[in-house]
Amino acid sequence: MVETGIKGRLEQMVTPEMSAARVGSGLVDVFATPMMIALVERTCNESVLPCLEEGQGTVGTLVNVTHTAATPMGMHVWCESELVEVDRRRLVFKVKAFDECGVIGEGVHERFIIDMAKFTAKVQEKTK
């Protein structure tokens, strides 16, 4: 059962593939905002996976975060999340991202619990 209070934490090292210049979100070799958002989504998703029923997953539906500090290549970054609201299938997380020098971003992320088979079938309908 998914309940408020679930916490998550994921850490990774910033590699050149994660730079703003490489992913196209800027011209400099620093940790890209889209990569920080991906870390936020992964952290939240993985934090609730053990609580879901068989055949369920989650999908991201809203990201409202700031990216307030640049992180150089080779530095470790991590995200901490806390599930602060559960409204039926809607999950709301408070998130904060860090590097070795402090906070680099924070905000709110929403995910929805889905039935994987139904979701996949609905997506496949779009290809017809």
# chains A, B, ... in the order shown; residues from 1 in each chain; ligands from 1

call {"tool": "residues_around", "arguments": {"residues": "Gly105 (chain A)", "least_positions_apart": "5", "cutoff": "12 Å", "atoms": "only C-alpha atoms", "output": "short mmCIF file (atom, residue, chain, number, x, y, z; two decimals) with C-alpha atoms, in the first residue's frame"}}
result
data_model
loop_
_atom_site.label_atom_id
_atom_site.label_comp_id
_atom_site.auth_asym_id
_atom_site.auth_seq_id
_atom_site.Cartn_x
_atom_site.Cartn_y
_atom_site.Cartn_z
CA PHE A 31 25.02 18.75 -15.00
CA ALA A 32 22.03 19.39 -17.29
CA THR A 33 18.63 20.36 -15.94
CA PRO A 34 16.93 17.54 -17.91
CA MET A 35 19.31 15.07 -16.24
CA MET A 36 18.48 16.46 -12.80
CA ILE A 37 14.79 16.04 -13.62
CA LEU A 39 17.17 11.81 -11.38
CA VAL A 40 14.15 13.29 -9.56
CA VAL A 63 7.63 18.40 -12.56
CA ASN A 64 7.92 21.78 -10.86
CA VAL A 65 11.53 22.17 -9.75
CA THR A 66 14.18 24.85 -9.67
CA HIS A 67 17.78 24.17 -10.73
CA THR A 68 19.72 26.75 -8.76
CA ALA A 69 23.37 25.68 -8.83
CA ALA A 70 25.72 24.28 -11.47
CA THR A 71 27.53 20.99 -10.89
CA VAL A 77 24.77 14.34 -7.18
CA TRP A 78 21.80 12.84 -5.38
CA CYS A 79 18.10 13.34 -4.97
CA GLU A 80 16.02 12.89 -1.86
CA SER A 81 12.26 12.53 -2.12
CA LYS A 94 8.61 16.87 -2.26
CA VAL A 95 12.07 16.63 -3.85
CA LYS A 96 15.49 18.11 -3.28
CA ALA A 97 18.66 17.58 -5.35
CA PHE A 98 22.20 18.02 -4.03
CA ASP A 99 25.80 17.94 -5.12
#

call {"tool": "residues_around", "arguments": {"residues": "Glu54 (chain A)", "least_positions_apart": "5", "cutoff": "10 Å", "atoms": "only C-alpha atoms", "output": "list in words"}}
result
Leu49, Asp115 and Met116 of chain A

call {"tool": "write_last_selection", "arguments": {"atoms": "N, CA and C atoms", "output": "PDB file, in the first residue's frame"}}
result
ATOM      1  N   LEU A  49       7.951   1.794  -5.835  1.00  0.00           N
ATOM      2  CA  LEU A  49       7.782   0.516  -6.540  1.00  0.00           C
ATOM      3  C   LEU A  49       7.518  -0.664  -5.602  1.00  0.00           C
ATOM      4  N   ASP A 115      -2.015   0.856 -14.303  1.00  0.00           N
ATOM      5  CA  ASP A 115      -2.009  -0.569 -14.623  1.00  0.00           C
ATOM      6  C   ASP A 115      -1.163  -0.685 -15.889  1.00  0.00           C
ATOM      7  N   MET A 116      -0.036  -1.379 -15.792  1.00  0.00           N
ATOM      8  CA  MET A 116       0.922  -1.423 -16.901  1.00  0.00           C
ATOM      9  C   MET A 116       0.315  -1.987 -18.187  1.00  0.00           C
TER      10      MET A 116
END

call {"tool": "atom_distance", "arguments": {"atom1": "CA of Pro50 (chain A)", "atom2": "CA of His109 (chain A)"}}
result
18.7 Å

call {"tool": "select_by_dssp", "arguments": {"residues": "region 73-128 of chain A", "states": "strand (DSSP E)", "output": "short mmCIF file (atom, residue, chain, number, x, y, z; two decimals) with N, CA and C atoms, in the first residue's frame"}}
result
data_model
loop_
_atom_site.label_atom_id
_atom_site.label_comp_id
_atom_site.auth_asym_id
_atom_site.auth_seq_id
_atom_site.Cartn_x
_atom_site.Cartn_y
_atom_site.Cartn_z
N HIS A 76 29.59 14.03 -7.52
CA HIS A 76 28.41 13.22 -7.19
C HIS A 76 27.21 14.12 -6.95
N VAL A 77 26.05 13.67 -7.43
CA VAL A 77 24.77 14.34 -7.18
C VAL A 77 23.82 13.30 -6.62
N TRP A 78 22.83 13.75 -5.88
CA TRP A 78 21.80 12.84 -5.38
C TRP A 78 20.49 13.58 -5.21
N CYS A 79 19.44 12.81 -5.18
CA CYS A 79 18.10 13.34 -4.97
C CYS A 79 17.49 12.65 -3.77
N GLU A 80 16.80 13.42 -2.97
CA GLU A 80 16.02 12.89 -1.86
C GLU A 80 14.56 13.26 -2.09
N SER A 81 13.69 12.29 -1.90
CA SER A 81 12.26 12.53 -2.12
C SER A 81 11.47 12.08 -0.91
N GLU A 82 10.31 12.70 -0.76
CA GLU A 82 9.35 12.26 0.26
C GLU A 82 7.95 12.35 -0.32
N LEU A 83 7.20 11.26 -0.20
CA LEU A 83 5.82 11.24 -0.65
C LEU A 83 4.98 12.00 0.37
N VAL A 84 4.41 13.13 -0.06
CA VAL A 84 3.70 14.00 0.89
C VAL A 84 2.19 13.98 0.70
N GLU A 85 1.71 13.42 -0.42
CA GLU A 85 0.26 13.37 -0.65
C GLU A 85 -0.08 12.17 -1.52
N VAL A 86 -1.13 11.47 -1.14
CA VAL A 86 -1.68 10.38 -1.95
C VAL A 86 -3.16 10.69 -2.14
N ASP A 87 -3.56 10.89 -3.39
CA ASP A 87 -4.96 11.17 -3.73
C ASP A 87 -5.39 10.12 -4.76
N ARG A 90 -2.98 9.46 -7.64
CA ARG A 90 -2.03 10.59 -7.77
C ARG A 90 -1.10 10.64 -6.57
N LEU A 91 0.19 10.69 -6.86
CA LEU A 91 1.21 10.74 -5.82
C LEU A 91 1.97 12.05 -5.94
N VAL A 92 2.11 12.78 -4.84
CA VAL A 92 2.83 14.06 -4.84
C VAL A 92 4.07 13.93 -3.95
N PHE A 93 5.21 14.26 -4.53
CA PHE A 93 6.49 14.15 -3.83
C PHE A 93 7.13 15.52 -3.64
N LYS A 94 7.72 15.73 -2.49
CA LYS A 94 8.61 16.87 -2.26
C LYS A 94 10.00 16.35 -2.59
N VAL A 95 10.76 17.09 -3.41
CA VAL A 95 12.07 16.63 -3.85
C VAL A 95 13.13 17.69 -3.63
N LYS A 96 14.35 17.21 -3.42
CA LYS A 96 15.49 18.11 -3.28
C LYS A 96 16.70 17.41 -3.88
N ALA A 97 17.46 18.13 -4.71
CA ALA A 97 18.66 17.58 -5.35
C ALA A 97 19.90 18.29 -4.78
N PHE A 98 20.98 17.52 -4.65
CA PHE A 98 22.20 18.02 -4.03
C PHE A 98 23.41 17.63 -4.87
N ASP A 99 24.49 18.41 -4.73
CA ASP A 99 25.80 17.94 -5.12
C ASP A 99 26.68 18.01 -3.88
N GLY A 102 26.20 21.23 -1.81
CA GLY A 102 24.92 21.66 -1.24
C GLY A 102 23.76 21.45 -2.19
N VAL A 103 22.67 22.16 -1.90
CA VAL A 103 21.43 22.04 -2.68
C VAL A 103 21.63 22.62 -4.08
N ILE A 104 21.18 21.86 -5.08
CA ILE A 104 21.25 22.35 -6.47
C ILE A 104 19.86 22.52 -7.08
N GLY A 105 18.84 22.01 -6.41
CA GLY A 105 17.48 22.14 -6.93
C GLY A 105 16.47 21.57 -5.96
N GLU A 106 15.22 22.02 -6.11
CA GLU A 106 14.16 21.48 -5.26
C GLU A 106 12.80 21.82 -5.85
N GLY A 107 11.79 21.12 -5.38
CA GLY A 107 10.44 21.38 -5.84
C GLY A 107 9.49 20.24 -5.58
N VAL A 108 8.54 20.05 -6.52
CA VAL A 108 7.47 19.08 -6.39
C VAL A 108 7.41 18.24 -7.66
N HIS A 109 7.12 16.96 -7.47
CA HIS A 109 6.96 16.05 -8.61
C HIS A 109 5.71 15.21 -8.36
N GLU A 110 4.88 15.06 -9.40
CA GLU A 110 3.68 14.22 -9.30
C GLU A 110 3.81 13.02 -10.22
N ARG A 111 3.31 11.89 -9.75
CA ARG A 111 3.26 10.66 -10.53
C ARG A 111 1.88 10.06 -10.36
N PHE A 112 1.46 9.25 -11.33
CA PHE A 112 0.20 8.52 -11.23
C PHE A 112 0.48 7.03 -11.26
N ILE A 113 -0.24 6.30 -10.43
CA ILE A 113 -0.16 4.84 -10.45
C ILE A 113 -0.97 4.36 -11.65
N ILE A 114 -0.38 3.46 -12.43
CA ILE A 114 -1.05 2.94 -13.61
C ILE A 114 -1.06 1.41 -13.59
N ASP A 115 -2.01 0.86 -14.30
CA ASP A 115 -2.01 -0.57 -14.62
C ASP A 115 -1.16 -0.69 -15.89
#

call {"tool": "closest_residue", "arguments": {"among": "A:Val14, A:Met73, A:Leu62, A:Val2", "to": "Asp29 (chain A)", "atoms": "only C-alpha atoms"}}
result
A:Met73

call {"tool": "closest_residue", "arguments": {"among": "A:Pro72, A:Pro16, A:Gly24, A:Gly8", "to": "Cys44 (chain A)", "atoms": "only C-alpha atoms"}}
result
A:Gly8

call {"tool": "select_by_dssp", "arguments": {"residues": "region 22-90 of chain A", "states": "alpha helix (DSSP H)", "output": "PyMOL selection string"}}
result
chain A and resi 22-23+33-48

call {"tool": "atom_distance", "arguments": {"atom1": "CA of Arg88 (chain A)", "atom2": "CA of Ala117 (chain A)"}}
result
19.0 Å

call {"tool": "residues_around", "arguments": {"residues": "Cys51 (chain A)", "least_positions_apart": "2", "cutoff": "12 Å", "atoms": "only C-alpha atoms", "output": "number ranges by chain"}}
result
A: 1-4, 6-7, 45-49, 53-58, 113

call {"tool": "atom_distance", "arguments": {"atom1": "CA of Met75 (chain A)", "atom2": "CA of Thr61 (chain A)"}}
result
28.8 Å

call {"tool": "decode", "arguments": {"residues": "region 57-89 of chain A", "atoms": "N, CA and C atoms", "output": "PDB file, in the first residue's frame"}}
result
ATOM      1  N   GLY A  57       2.630   0.268 -12.099  1.00  0.00           N
ATOM      2  CA  GLY A  57       3.822   1.099 -12.208  1.00  0.00           C
ATOM      3  C   GLY A  57       3.403   2.537 -11.974  1.00  0.00           C
ATOM      4  N   THR A  58       4.318   3.465 -12.169  1.00  0.00           N
ATOM      5  CA  THR A  58       3.952   4.877 -12.077  1.00  0.00           C
ATOM      6  C   THR A  58       4.498   5.614 -13.294  1.00  0.00           C
ATOM      7  N   VAL A  59       3.831   6.707 -13.630  1.00  0.00           N
ATOM      8  CA  VAL A  59       4.298   7.594 -14.696  1.00  0.00           C
ATOM      9  C   VAL A  59       4.326   9.013 -14.159  1.00  0.00           C
ATOM     10  N   GLY A  60       5.321   9.767 -14.589  1.00  0.00           N
ATOM     11  CA  GLY A  60       5.419  11.162 -14.194  1.00  0.00           C
ATOM     12  C   GLY A  60       4.424  12.012 -14.959  1.00  0.00           C
ATOM     13  N   THR A  61       3.797  12.947 -14.253  1.00  0.00           N
ATOM     14  CA  THR A  61       2.803  13.818 -14.891  1.00  0.00           C
ATOM     15  C   THR A  61       3.068  15.299 -14.657  1.00  0.00           C
ATOM     16  N   LEU A  62       3.902  15.632 -13.672  1.00  0.00           N
ATOM     17  CA  LEU A  62       4.199  17.042 -13.398  1.00  0.00           C
ATOM     18  C   LEU A  62       5.555  17.139 -12.724  1.00  0.00           C
ATOM     19  N   VAL A  63       6.358  18.083 -13.200  1.00  0.00           N
ATOM     20  CA  VAL A  63       7.628  18.396 -12.559  1.00  0.00           C
ATOM     21  C   VAL A  63       7.668  19.906 -12.390  1.00  0.00           C
ATOM     22  N   ASN A  64       7.815  20.359 -11.150  1.00  0.00           N
ATOM     23  CA  ASN A  64       7.923  21.782 -10.861  1.00  0.00           C
ATOM     24  C   ASN A  64       9.112  21.957  -9.917  1.00  0.00           C
ATOM     25  N   VAL A  65      10.309  22.075 -10.538  1.00  0.00           N
ATOM     26  CA  VAL A  65      11.530  22.173  -9.745  1.00  0.00           C
ATOM     27  C   VAL A  65      12.388  23.339 -10.225  1.00  0.00           C
ATOM     28  N   THR A  66      13.171  23.853  -9.310  1.00  0.00           N
ATOM     29  CA  THR A  66      14.182  24.845  -9.670  1.00  0.00           C
ATOM     30  C   THR A  66      15.517  24.129  -9.786  1.00  0.00           C
ATOM     31  N   HIS A  67      16.392  24.662 -10.631  1.00  0.00           N
ATOM     32  CA  HIS A  67      17.776  24.172 -10.730  1.00  0.00           C
ATOM     33  C   HIS A  67      18.639  25.388 -10.459  1.00  0.00           C
ATOM     34  N   THR A  68      19.147  25.495  -9.245  1.00  0.00           N
ATOM     35  CA  THR A  68      19.721  26.750  -8.758  1.00  0.00           C
ATOM     36  C   THR A  68      21.237  26.802  -8.682  1.00  0.00           C
ATOM     37  N   ALA A  69      21.913  25.668  -8.912  1.00  0.00           N
ATOM     38  CA  ALA A  69      23.373  25.680  -8.832  1.00  0.00           C
ATOM     39  C   ALA A  69      23.954  24.709  -9.848  1.00  0.00           C
ATOM     40  N   ALA A  70      25.051  25.122 -10.472  1.00  0.00           N
ATOM     41  CA  ALA A  70      25.720  24.285 -11.470  1.00  0.00           C
ATOM     42  C   ALA A  70      26.612  23.253 -10.782  1.00  0.00           C
ATOM     43  N   THR A  71      26.698  22.082 -11.403  1.00  0.00           N
ATOM     44  CA  THR A  71      27.526  20.991 -10.893  1.00  0.00           C
ATOM     45  C   THR A  71      28.498  20.562 -11.984  1.00  0.00           C
ATOM     46  N   PRO A  72      29.810  20.532 -11.687  1.00  0.00           N
ATOM     47  CA  PRO A  72      30.784  20.143 -12.703  1.00  0.00           C
ATOM     48  C   PRO A  72      30.811  18.639 -12.941  1.00  0.00           C
ATOM     49  N   MET A  73      31.416  18.260 -14.067  1.00  0.00           N
ATOM     50  CA  MET A  73      31.602  16.851 -14.397  1.00  0.00           C
ATOM     51  C   MET A  73      32.435  16.185 -13.301  1.00  0.00           C
ATOM     52  N   GLY A  74      32.097  14.924 -13.008  1.00  0.00           N
ATOM     53  CA  GLY A  74      32.860  14.151 -12.037  1.00  0.00           C
ATOM     54  C   GLY A  74      32.395  14.276 -10.604  1.00  0.00           C
ATOM     55  N   MET A  75      31.488  15.210 -10.333  1.00  0.00           N
ATOM     56  CA  MET A  75      30.988  15.374  -8.970  1.00  0.00           C
ATOM     57  C   MET A  75      29.783  14.462  -8.754  1.00  0.00           C
ATOM     58  N   HIS A  76      29.588  14.029  -7.523  1.00  0.00           N
ATOM     59  CA  HIS A  76      28.414  13.223  -7.186  1.00  0.00           C
ATOM     60  C   HIS A  76      27.209  14.122  -6.947  1.00  0.00           C
ATOM     61  N   VAL A  77      26.052  13.668  -7.432  1.00  0.00           N
ATOM     62  CA  VAL A  77      24.774  14.336  -7.179  1.00  0.00           C
ATOM     63  C   VAL A  77      23.821  13.301  -6.621  1.00  0.00           C
ATOM     64  N   TRP A  78      22.832  13.750  -5.880  1.00  0.00           N
ATOM     65  CA  TRP A  78      21.799  12.842  -5.383  1.00  0.00           C
ATOM     66  C   TRP A  78      20.495  13.584  -5.210  1.00  0.00           C
ATOM     67  N   CYS A  79      19.437  12.809  -5.183  1.00  0.00           N
ATOM     68  CA  CYS A  79      18.097  13.342  -4.974  1.00  0.00           C
ATOM     69  C   CYS A  79      17.488  12.649  -3.771  1.00  0.00           C
ATOM     70  N   GLU A  80      16.795  13.419  -2.970  1.00  0.00           N
ATOM     71  CA  GLU A  80      16.018  12.892  -1.857  1.00  0.00           C
ATOM     72  C   GLU A  80      14.561  13.263  -2.095  1.00  0.00           C
ATOM     73  N   SER A  81      13.692  12.295  -1.899  1.00  0.00           N
ATOM     74  CA  SER A  81      12.265  12.532  -2.116  1.00  0.00           C
ATOM     75  C   SER A  81      11.469  12.076  -0.909  1.00  0.00           C
ATOM     76  N   GLU A  82      10.306  12.697  -0.756  1.00  0.00           N
ATOM     77  CA  GLU A  82       9.354  12.259   0.261  1.00  0.00           C
ATOM     78  C   GLU A  82       7.951  12.345  -0.321  1.00  0.00           C
ATOM     79  N   LEU A  83       7.202  11.262  -0.197  1.00  0.00           N
ATOM     80  CA  LEU A  83       5.816  11.238  -0.654  1.00  0.00           C
ATOM     81  C   LEU A  83       4.984  11.999   0.370  1.00  0.00           C
ATOM     82  N   VAL A  84       4.412  13.130  -0.056  1.00  0.00           N
ATOM     83  CA  VAL A  84       3.698  13.997   0.886  1.00  0.00           C
ATOM     84  C   VAL A  84       2.186  13.985   0.702  1.00  0.00           C
ATOM     85  N   GLU A  85       1.711  13.422  -0.418  1.00  0.00           N
ATOM     86  CA  GLU A  85       0.263  13.367  -0.645  1.00  0.00           C
ATOM     87  C   GLU A  85      -0.078  12.170  -1.519  1.00  0.00           C
ATOM     88  N   VAL A  86      -1.134  11.469  -1.139  1.00  0.00           N
ATOM     89  CA  VAL A  86      -1.684  10.381  -1.946  1.00  0.00           C
ATOM     90  C   VAL A  86      -3.159  10.687  -2.137  1.00  0.00           C
ATOM     91  N   ASP A  87      -3.563  10.890  -3.392  1.00  0.00           N
ATOM     92  CA  ASP A  87      -4.958  11.174  -3.730  1.00  0.00           C
ATOM     93  C   ASP A  87      -5.386  10.124  -4.758  1.00  0.00           C
ATOM     94  N   ARG A  88      -5.941   9.027  -4.261  1.00  0.00           N
ATOM     95  CA  ARG A  88      -6.253   7.855  -5.083  1.00  0.00           C
ATOM     96  C   ARG A  88      -5.000   7.384  -5.811  1.00  0.00           C
ATOM     97  N   ARG A  89      -4.913   7.612  -7.125  1.00  0.00           N
ATOM     98  CA  ARG A  89      -3.750   7.159  -7.888  1.00  0.00           C
ATOM     99  C   ARG A  89      -2.683   8.243  -8.050  1.00  0.00           C
TER     100      ARG A  89
END
